[in-house]
>>> print(open('upload_31.pdb').read())   # PDB, C-alpha atoms, pLDDT in the B column
ATOM      1  CA  SER A 399      87.963 106.546  76.941  1.00 43.00           C
ATOM      2  CA  GLN A 400      90.951 105.842  79.116  1.00 44.00           C
ATOM      3  CA  GLN A 401      91.176 109.435  80.274  1.00 66.00           C
ATOM      4  CA  GLY A 402      92.128 109.823  83.911  1.00 73.00           C
ATOM      5  CA  GLU A 403      89.705 111.432  86.322  1.00 81.00           C
ATOM      6  CA  GLU A 404      91.008 113.228  89.362  1.00 84.00           C
ATOM      7  CA  ASP A 405      89.325 113.841  92.674  1.00 83.00           C
ATOM      8  CA  PRO A 406      88.630 115.975  94.502  1.00 84.00           C
ATOM      9  CA  GLN A 407      88.102 118.727  91.954  1.00 89.00           C
ATOM     10  CA  ALA A 408      89.345 121.303  94.443  1.00 91.00           C
ATOM     11  CA  LEU A 409      91.342 121.075  97.653  1.00 93.00           C
ATOM     12  CA  SER A 410      92.166 123.790 100.160  1.00 95.00           C
ATOM     13  CA  ILE A 411      94.635 123.153 102.970  1.00 95.00           C
ATOM     14  CA  GLN A 412      96.840 125.009 105.427  1.00 96.00           C
ATOM     15  CA  GLU A 413     100.557 125.382 104.806  1.00 97.00           C
ATOM     16  CA  GLY A 414     102.415 122.494 106.408  1.00 97.00           C
ATOM     17  CA  GLU A 415      99.580 120.000 105.939  1.00 97.00           C
ATOM     18  CA  ASN A 416      99.712 117.105 103.510  1.00 97.00           C
ATOM     19  CA  ALA A 417      97.696 117.137 100.285  1.00 96.00           C
ATOM     20  CA  THR A 418      96.361 113.917  98.777  1.00 96.00           C
ATOM     21  CA  MET A 419      94.960 113.820  95.259  1.00 96.00           C
ATOM     22  CA  ASN A 420      93.503 110.809  93.517  1.00 95.00           C
ATOM     23  CA  CYS A 421      93.220 109.700  89.919  1.00 94.00           C
ATOM     24  CA  SER A 422      91.217 106.867  88.373  1.00 94.00           C
ATOM     25  CA  TYR A 423      91.425 105.562  84.839  1.00 91.00           C
ATOM     26  CA  LYS A 424      89.573 103.022  82.714  1.00 88.00           C
ATOM     27  CA  THR A 425      91.867 100.920  80.532  1.00 84.00           C
ATOM     28  CA  SER A 426      95.285  99.298  80.754  1.00 85.00           C
ATOM     29  CA  ILE A 427      98.137 101.744  80.878  1.00 85.00           C
ATOM     30  CA  ASN A 428     101.845 101.691  80.253  1.00 85.00           C
ATOM     31  CA  ASN A 429     102.463 104.470  82.760  1.00 89.00           C
ATOM     32  CA  LEU A 430     100.742 107.208  84.685  1.00 92.00           C
ATOM     33  CA  GLN A 431     102.148 110.703  85.029  1.00 93.00           C
ATOM     34  CA  TRP A 432     101.373 113.694  87.217  1.00 96.00           C
ATOM     35  CA  TYR A 433     101.738 117.255  86.010  1.00 96.00           C
ATOM     36  CA  ARG A 434     101.399 120.646  87.598  1.00 97.00           C
ATOM     37  CA  GLN A 435     100.078 123.837  86.026  1.00 96.00           C
ATOM     38  CA  ASN A 436     100.490 127.269  87.491  1.00 95.00           C
ATOM     39  CA  SER A 437      97.923 129.854  86.469  1.00 90.00           C
ATOM     40  CA  GLY A 438      98.467 131.044  82.915  1.00 87.00           C
ATOM     41  CA  ARG A 439     101.355 128.662  82.278  1.00 90.00           C
ATOM     42  CA  GLY A 440     102.003 125.384  80.543  1.00 91.00           C
ATOM     43  CA  LEU A 441     102.040 122.034  82.302  1.00 94.00           C
ATOM     44  CA  VAL A 442     105.186 120.826  84.004  1.00 95.00           C
ATOM     45  CA  HIS A 443     105.935 117.161  84.534  1.00 95.00           C
ATOM     46  CA  LEU A 444     106.266 116.080  88.182  1.00 96.00           C
ATOM     47  CA  ILE A 445     106.625 112.329  88.288  1.00 95.00           C
ATOM     48  CA  LEU A 446     106.038 109.190  86.219  1.00 93.00           C
ATOM     49  CA  ILE A 447     105.131 105.760  87.571  1.00 94.00           C
ATOM     50  CA  ARG A 448     105.180 102.684  85.375  1.00 91.00           C
ATOM     51  CA  SER A 449     102.518 100.001  85.416  1.00 90.00           C
ATOM     52  CA  ASN A 450     104.878  97.534  87.126  1.00 93.00           C
ATOM     53  CA  GLU A 451     105.670  99.977  89.936  1.00 95.00           C
ATOM     54  CA  ARG A 452     103.574 100.492  93.048  1.00 97.00           C
ATOM     55  CA  GLU A 453     105.160 103.510  94.675  1.00 97.00           C
ATOM     56  CA  LYS A 454     107.567 106.250  93.757  1.00 97.00           C
ATOM     57  CA  HIS A 455     109.062 109.203  95.586  1.00 96.00           C
ATOM     58  CA  SER A 456     110.505 112.496  94.441  1.00 95.00           C
ATOM     59  CA  GLY A 457     111.329 115.051  97.105  1.00 96.00           C
ATOM     60  CA  ARG A 458     108.069 115.900  98.894  1.00 97.00           C
ATOM     61  CA  LEU A 459     106.047 113.956  96.332  1.00 97.00           C
ATOM     62  CA  ARG A 460     104.880 110.396  96.750  1.00 98.00           C
ATOM     63  CA  VAL A 461     102.907 108.593  94.057  1.00 98.00           C
ATOM     64  CA  THR A 462     101.200 105.242  94.359  1.00 98.00           C
ATOM     65  CA  LEU A 463      99.650 103.115  91.654  1.00 97.00           C
ATOM     66  CA  ASP A 464      97.109 100.327  92.071  1.00 96.00           C
ATOM     67  CA  THR A 465      96.543  98.706  88.688  1.00 94.00           C
ATOM     68  CA  SER A 466      93.929  96.315  90.087  1.00 94.00           C
ATOM     69  CA  LYS A 467      91.793  99.299  91.068  1.00 95.00           C
ATOM     70  CA  LYS A 468      92.974 101.418  88.150  1.00 94.00           C
ATOM     71  CA  SER A 469      93.824 104.260  90.481  1.00 95.00           C
ATOM     72  CA  SER A 470      96.734 106.424  91.568  1.00 96.00           C
ATOM     73  CA  SER A 471      97.312 108.939  94.297  1.00 97.00           C
ATOM     74  CA  LEU A 472      99.671 111.885  94.606  1.00 97.00           C
ATOM     75  CA  LEU A 473     100.726 112.957  98.063  1.00 98.00           C
ATOM     76  CA  ILE A 474     102.448 116.272  98.656  1.00 97.00           C
ATOM     77  CA  THR A 475     103.919 116.384 102.150  1.00 97.00           C
ATOM     78  CA  ALA A 476     104.524 119.528 104.206  1.00 97.00           C
ATOM     79  CA  SER A 477     102.753 121.709 101.675  1.00 97.00           C
ATOM     80  CA  ARG A 478     103.853 125.256 100.934  1.00 97.00           C
ATOM     81  CA  ALA A 479     101.974 128.248  99.559  1.00 96.00           C
ATOM     82  CA  ALA A 480     104.061 127.852  96.395  1.00 96.00           C
ATOM     83  CA  ASP A 481     102.412 124.445  95.814  1.00 97.00           C
ATOM     84  CA  THR A 482      99.193 126.271  94.935  1.00 97.00           C
ATOM     85  CA  ALA A 483      98.428 125.156  91.377  1.00 97.00           C
ATOM     86  CA  SER A 484      96.344 122.746  89.333  1.00 96.00           C
ATOM     87  CA  TYR A 485      97.462 119.125  89.253  1.00 96.00           C
ATOM     88  CA  PHE A 486      96.698 116.682  86.456  1.00 95.00           C
ATOM     89  CA  CYS A 487      97.146 112.979  86.026  1.00 94.00           C
ATOM     90  CA  ALA A 488      97.895 111.687  82.549  1.00 92.00           C
ATOM     91  CA  THR A 489      97.832 108.170  81.197  1.00 89.00           C
ATOM     92  CA  ARG A 490      99.701 106.592  78.357  1.00 82.00           C
ATOM     93  CA  TYR A 491      98.058 103.660  76.585  1.00 75.00           C
ATOM     94  CA  THR A 492      99.541 100.177  76.318  1.00 68.00           C
ATOM     95  CA  GLY A 493      98.423  99.599  72.760  1.00 66.00           C
ATOM     96  CA  ALA A 494     100.010 100.726  69.522  1.00 63.00           C
ATOM     97  CA  ASN A 495      98.521 104.172  70.025  1.00 69.00           C
ATOM     98  CA  SER A 496     100.764 105.932  72.537  1.00 74.00           C
ATOM     99  CA  LYS A 497      98.745 109.067  72.990  1.00 80.00           C
ATOM    100  CA  LEU A 498      98.962 110.921  76.296  1.00 85.00           C
ATOM    101  CA  THR A 499      95.575 111.903  77.731  1.00 87.00           C
ATOM    102  CA  PHE A 500      94.791 114.071  80.747  1.00 90.00           C
ATOM    103  CA  GLY A 501      92.098 114.362  83.373  1.00 87.00           C
ATOM    104  CA  LYS A 502      90.383 117.660  84.180  1.00 87.00           C
ATOM    105  CA  GLY A 503      92.682 118.441  87.044  1.00 92.00           C
ATOM    106  CA  ILE A 504      92.559 119.285  90.733  1.00 94.00           C
ATOM    107  CA  THR A 505      92.882 122.846  91.963  1.00 95.00           C
ATOM    108  CA  LEU A 506      95.031 122.930  95.090  1.00 96.00           C
ATOM    109  CA  SER A 507      95.088 126.017  97.286  1.00 96.00           C
ATOM    110  CA  VAL A 508      97.600 126.148 100.113  1.00 96.00           C
ATOM    111  CA  ARG A 509      96.843 128.898 102.625  1.00 95.00           C
ATOM    112  CA  PRO A 510      99.873 130.551 104.238  1.00 91.00           C
TER     113      PRO A 510
ATOM    114  CA  ASP B1104     117.415 124.020  74.673  1.00 66.00           C
ATOM    115  CA  ALA B1105     114.797 126.764  74.954  1.00 81.00           C
ATOM    116  CA  GLY B1106     111.992 124.281  75.450  1.00 94.00           C
ATOM    117  CA  VAL B1107     108.841 124.024  73.367  1.00 97.00           C
ATOM    118  CA  ILE B1108     108.131 127.349  71.731  1.00 97.00           C
ATOM    119  CA  GLN B1109     104.662 128.417  70.720  1.00 98.00           C
ATOM    120  CA  SER B1110     103.558 131.499  68.850  1.00 97.00           C
ATOM    121  CA  PRO B1111     101.721 133.713  69.151  1.00 97.00           C
ATOM    122  CA  ARG B1112     101.107 133.810  72.922  1.00 96.00           C
ATOM    123  CA  HIS B1113      97.823 135.608  72.442  1.00 97.00           C
ATOM    124  CA  GLU B1114      95.572 135.836  69.415  1.00 97.00           C
ATOM    125  CA  VAL B1115      92.339 137.767  69.068  1.00 98.00           C
ATOM    126  CA  THR B1116      90.489 137.298  65.829  1.00 97.00           C
ATOM    127  CA  GLU B1117      87.074 137.834  64.362  1.00 97.00           C
ATOM    128  CA  MET B1118      84.706 135.002  63.672  1.00 97.00           C
ATOM    129  CA  GLY B1119      85.237 133.583  60.206  1.00 97.00           C
ATOM    130  CA  GLN B1120      88.914 134.430  60.011  1.00 97.00           C
ATOM    131  CA  GLU B1121      91.675 131.892  59.574  1.00 97.00           C
ATOM    132  CA  VAL B1122      93.917 131.313  62.583  1.00 98.00           C
ATOM    133  CA  THR B1123      97.318 129.614  62.500  1.00 98.00           C
ATOM    134  CA  LEU B1124      99.076 128.518  65.676  1.00 98.00           C
ATOM    135  CA  ARG B1125     102.729 127.543  65.550  1.00 98.00           C
ATOM    136  CA  CYS B1126     104.915 125.214  67.543  1.00 98.00           C
ATOM    137  CA  LYS B1127     108.614 124.421  67.638  1.00 98.00           C
ATOM    138  CA  PRO B1128     109.273 121.217  69.596  1.00 97.00           C
ATOM    139  CA  ILE B1129     112.415 120.445  71.540  1.00 96.00           C
ATOM    140  CA  SER B1130     115.193 119.342  69.228  1.00 95.00           C
ATOM    141  CA  GLY B1131     115.456 115.562  69.046  1.00 93.00           C
ATOM    142  CA  HIS B1132     111.932 114.898  70.240  1.00 94.00           C
ATOM    143  CA  ASP B1133     109.989 112.609  67.935  1.00 92.00           C
ATOM    144  CA  TYR B1134     106.491 113.017  69.386  1.00 92.00           C
ATOM    145  CA  LEU B1135     104.435 116.198  69.131  1.00 94.00           C
ATOM    146  CA  PHE B1136     101.026 116.722  70.707  1.00 94.00           C
ATOM    147  CA  TRP B1137      98.421 119.481  70.269  1.00 97.00           C
ATOM    148  CA  TYR B1138      95.991 120.056  73.150  1.00 96.00           C
ATOM    149  CA  ARG B1139      93.121 122.452  73.757  1.00 97.00           C
ATOM    150  CA  GLN B1140      92.262 123.592  77.283  1.00 95.00           C
ATOM    151  CA  THR B1141      88.926 125.067  78.372  1.00 93.00           C
ATOM    152  CA  MET B1142      87.201 125.304  81.728  1.00 88.00           C
ATOM    153  CA  MET B1143      84.351 123.106  80.561  1.00 88.00           C
ATOM    154  CA  ARG B1144      86.285 120.339  78.828  1.00 88.00           C
ATOM    155  CA  GLY B1145      89.644 120.443  80.526  1.00 89.00           C
ATOM    156  CA  LEU B1146      92.710 119.437  78.503  1.00 92.00           C
ATOM    157  CA  GLU B1147      91.714 117.680  75.285  1.00 93.00           C
ATOM    158  CA  LEU B1148      94.165 115.940  72.975  1.00 93.00           C
ATOM    159  CA  LEU B1149      93.482 117.129  69.440  1.00 96.00           C
ATOM    160  CA  ILE B1150      96.156 115.320  67.429  1.00 95.00           C
ATOM    161  CA  TYR B1151      99.606 113.877  67.818  1.00 93.00           C
ATOM    162  CA  PHE B1152     102.504 113.179  65.465  1.00 94.00           C
ATOM    163  CA  ASN B1153     105.317 110.672  65.570  1.00 92.00           C
ATOM    164  CA  ASN B1154     108.311 111.410  63.350  1.00 94.00           C
ATOM    165  CA  ASN B1155     106.264 114.124  61.596  1.00 95.00           C
ATOM    166  CA  VAL B1156     103.456 111.697  60.717  1.00 95.00           C
ATOM    167  CA  PRO B1157      99.968 112.225  62.192  1.00 95.00           C
ATOM    168  CA  ILE B1158      99.118 109.152  64.244  1.00 91.00           C
ATOM    169  CA  ASP B1159      95.816 109.977  65.905  1.00 91.00           C
ATOM    170  CA  ASP B1160      93.628 112.921  64.941  1.00 93.00           C
ATOM    171  CA  SER B1161      90.456 111.585  66.522  1.00 92.00           C
ATOM    172  CA  GLY B1162      90.351 114.558  68.868  1.00 92.00           C
ATOM    173  CA  MET B1163      90.178 117.150  66.129  1.00 95.00           C
ATOM    174  CA  PRO B1164      86.719 118.647  66.626  1.00 88.00           C
ATOM    175  CA  GLU B1165      85.752 119.094  62.986  1.00 86.00           C
ATOM    176  CA  ASP B1166      87.006 119.746  59.496  1.00 91.00           C
ATOM    177  CA  ARG B1167      87.666 123.375  60.314  1.00 96.00           C
ATOM    178  CA  PHE B1168      90.716 122.198  62.224  1.00 97.00           C
ATOM    179  CA  SER B1169      93.836 120.946  60.497  1.00 97.00           C
ATOM    180  CA  ALA B1170      97.393 120.280  61.648  1.00 98.00           C
ATOM    181  CA  LYS B1171     100.634 119.762  59.806  1.00 97.00           C
ATOM    182  CA  MET B1172     104.192 118.904  60.670  1.00 98.00           C
ATOM    183  CA  PRO B1173     106.312 119.563  57.564  1.00 97.00           C
ATOM    184  CA  ASN B1174     109.556 118.805  59.403  1.00 96.00           C
ATOM    185  CA  ALA B1175     110.879 117.744  62.785  1.00 95.00           C
ATOM    186  CA  SER B1176     111.199 121.298  64.076  1.00 96.00           C
ATOM    187  CA  PHE B1177     107.877 122.854  63.167  1.00 97.00           C
ATOM    188  CA  SER B1178     104.153 122.209  63.408  1.00 98.00           C
ATOM    189  CA  THR B1179     101.046 124.276  62.767  1.00 98.00           C
ATOM    190  CA  LEU B1180      97.445 124.048  63.899  1.00 98.00           C
ATOM    191  CA  LYS B1181      95.049 125.892  61.644  1.00 98.00           C
ATOM    192  CA  ILE B1182      91.418 126.808  62.214  1.00 97.00           C
ATOM    193  CA  GLN B1183      89.477 127.964  59.175  1.00 97.00           C
ATOM    194  CA  PRO B1184      86.959 129.496  59.593  1.00 96.00           C
ATOM    195  CA  SER B1185      87.234 130.267  63.292  1.00 97.00           C
ATOM    196  CA  GLU B1186      84.187 130.425  65.578  1.00 97.00           C
ATOM    197  CA  PRO B1187      83.688 131.892  69.077  1.00 97.00           C
ATOM    198  CA  ARG B1188      83.482 128.383  70.561  1.00 96.00           C
ATOM    199  CA  ASP B1189      87.069 127.792  69.444  1.00 97.00           C
ATOM    200  CA  SER B1190      88.209 130.261  72.104  1.00 97.00           C
ATOM    201  CA  ALA B1191      90.586 128.363  74.395  1.00 97.00           C
ATOM    202  CA  VAL B1192      94.221 127.952  75.293  1.00 97.00           C
ATOM    203  CA  TYR B1193      96.031 125.718  72.817  1.00 98.00           C
ATOM    204  CA  PHE B1194      99.107 123.855  73.995  1.00 97.00           C
ATOM    205  CA  CYS B1195     101.789 122.078  72.077  1.00 97.00           C
ATOM    206  CA  ALA B1196     103.912 119.440  73.791  1.00 95.00           C
ATOM    207  CA  SER B1197     106.756 117.201  72.689  1.00 94.00           C
ATOM    208  CA  SER B1198     108.415 114.083  74.012  1.00 91.00           C
ATOM    209  CA  GLN B1199     111.245 111.762  73.094  1.00 89.00           C
ATOM    210  CA  GLY B1200     110.672 108.090  72.586  1.00 77.00           C
ATOM    211  CA  ALA B1201     107.508 106.085  73.002  1.00 63.00           C
ATOM    212  CA  ARG B1202     105.525 105.626  76.147  1.00 62.00           C
ATOM    213  CA  GLY B1203     107.907 105.815  79.024  1.00 62.00           C
ATOM    214  CA  THR B1204     108.807 109.458  78.855  1.00 81.00           C
ATOM    215  CA  GLU B1205     107.438 112.776  80.012  1.00 89.00           C
ATOM    216  CA  ALA B1206     105.987 115.443  77.772  1.00 91.00           C
ATOM    217  CA  PHE B1207     107.307 118.992  77.733  1.00 94.00           C
ATOM    218  CA  PHE B1208     104.747 121.720  77.218  1.00 95.00           C
ATOM    219  CA  GLY B1209     104.945 125.105  75.603  1.00 96.00           C
ATOM    220  CA  GLN B1210     103.469 128.177  77.259  1.00 95.00           C
ATOM    221  CA  GLY B1211     100.330 127.955  75.169  1.00 97.00           C
ATOM    222  CA  THR B1212      98.462 130.257  72.805  1.00 98.00           C
ATOM    223  CA  ARG B1213      95.390 131.957  74.234  1.00 97.00           C
ATOM    224  CA  LEU B1214      92.923 132.262  71.358  1.00 98.00           C
ATOM    225  CA  THR B1215      89.909 134.536  71.553  1.00 98.00           C
ATOM    226  CA  VAL B1216      87.441 134.537  68.685  1.00 98.00           C
ATOM    227  CA  VAL B1217      84.980 137.429  68.802  1.00 97.00           C
TER     228      VAL B1217
END
>>> encode(input="upload_31.pdb", output="structure tokens")
Amino acid sequence: SQQGEEDPQALSIQEGENATMNCSYKTSINNLQWYRQNSGRGLVHLILIRSNEREKHSGRLRVTLDTSKKSSSLLITASRAADTASYFCATRYTGANSKLTFGKGITLSVRP
Amino acid sequence: DAGVIQSPRHEVTEMGQEVTLRCKPISGHDYLFWYRQTMMRGLELLIYFNNNVPIDDSGMPEDRFSAKMPNASFSTLKIQPSEPRDSAVYFCASSQGARGTEAFFGQGTRLTVV
């Protein structure tokens, strides 16, 4: 399976601190995406990084991709209580099958 | 656009009954995904369609599950007969184009089979 696996499974930090979440995957990908899910809601796309990119920024988010290690990290800077949610990485296959598969997610708690 | 619309939001049914979940993708999107989310298994891809055609149904747990997409604006996921272990949140998502695009998720249907 090329499903991404995130770590840690849970992360608790103080407001204002940075949060770093990691994702590893198994096979070649076309791109890797990060999503956020608030309790009881659907997933919302945060950022996409392509296999030929190494780093990408969007507001307080920074994503890196290391295809040699088959890993990615999501950094949220200056965290806020409103960032409390579950975060998922998702990978899209390079082959003819373009399915989008998700890891089990990381639960982030930001204490005010 | 109103986004991906799923119905119903909540469904409680008795074991053995047929359950039909519905999804309306975003207009113009040519990919549609069905996922199931549980605490134990996380977010599992059940099946996905491209231009209304099922491409990969390897995630469908067993023959009790079936999915259809009769046109570009509507898809159903049916469970017959339902079992308590089918209890989960079922999400539908759609995207436009092949690999390089994001998926948009509906709010999900919380299914409870008693």
>>> resolve_selection(input="upload_31.pdb", expression="the ChimeraX specification (/B :<7) & /A", output="ChimeraX atom specification")
/A:428-429,439-443,490,496,499-500,502
>>> residues_near_point(input="upload_31.pdb", point="(99.0, 105.3, 89.4)", cutoff="7 Å", atoms="all atoms listed in the file", output="ChimeraX atom specification")
/A:430,447,461-464,469-471
>>> atom_distance(input="upload_31.pdb", atom1="CA of Gln1120 in chain B", atom2="CA of Ala1175 in chain B")
27.7 Å
>>> resolve_selection(input="upload_31.pdb", expression="the PyMOL selection byres ((chain B and resi 1164) around 12)", output="ChimeraX atom specification")
/B:1138-1139,1147-1150,1160-1163,1165-1170,1182,1188-1189
>>> residues_around(input="upload_31.pdb", residues="Gln407 in chain A", least_positions_apart="5", cutoff="7 Å", atoms="only C-alpha atoms", output="list in words")
Gly503, Ile504 and Thr505 of chain A
>>> resolve_selection(input="upload_31.pdb", expression="the PyMOL selection byres ((chain A and resi 414) around 8)", output="PyMOL selection string")
chain A and resi 412-413+415-416+475-478
>>> closest_residue(input="upload_31.pdb", among="A:Lys467, A:Ile474, A:Ala480, A:Ser507", to="Met419 in chain A", atoms="only C-alpha atoms")
A:Ile474
>>> closest_residue(input="upload_31.pdb", among="A:Ser466, A:Ser449, A:Thr482, A:Ser422", to="Arg509 in chain A", atoms="only C-alpha atoms")
A:Thr482
>>> residues_near_point(input="upload_31.pdb", point="(90.6, 132.6, 61.2)", cutoff="12 Å", atoms="all atoms listed in the file", output="list in words")
Glu1114, Val1115, Thr1116, Glu1117, Met1118, Gly1119, Gln1120, Glu1121, Val1122, Thr1123, Leu1124, Arg1167, Phe1168, Leu1180, Lys1181, Ile1182, Gln1183, Pro1184, Ser1185, Glu1186, Pro1187, Asp1189, Ser1190, Leu1214, Thr1215, Val1216 and Val1217 of chain B
>>> closest_residue(input="upload_31.pdb", among="B:Gly1131, B:Gly1106, B:Pro1111, B:Pro1173", to="Pro1157 in chain B", atoms="all atoms listed in the file")
B:Pro1173
>>> atom_distance(input="upload_31.pdb", atom1="CA of Asp405 in chain A", atom2="CA of Leu444 in chain A")
17.7 Å
>>> closest_residue(input="upload_31.pdb", among="A:Gly501, A:Gly438, A:Tyr433, A:Ala479", to="Leu459 in chain A", atoms="only C-alpha atoms")
A:Tyr433
>>> atom_distance(input="upload_31.pdb", atom1="CA of Leu506 in chain A", atom2="CA of Pro406 in chain A")
9.5 Å
>>> axis_aligned_box(input="upload_31.pdb", around="range 452-458 of chain A", padding_each_side="4 Å", output="AutoDock Vina command-line options")
--center_x 107.5 --center_y 108.2 --center_z 96.0 --size_x 15.8 --size_y 23.4 --size_z 13.8
>>> closest_residue(input="upload_31.pdb", among="A:Trp432, A:Pro510, A:Thr489, A:Lys468", to="Lys454 in chain A", atoms="all atoms listed in the file")
A:Trp432
>>> residues_around(input="upload_31.pdb", residues="Val1107 in chain B", least_positions_apart="3", cutoff="6 Å", atoms="only C-alpha atoms", output="list in words")
Lys1127, Pro1128, Ile1129 and Gly1209 of chain B
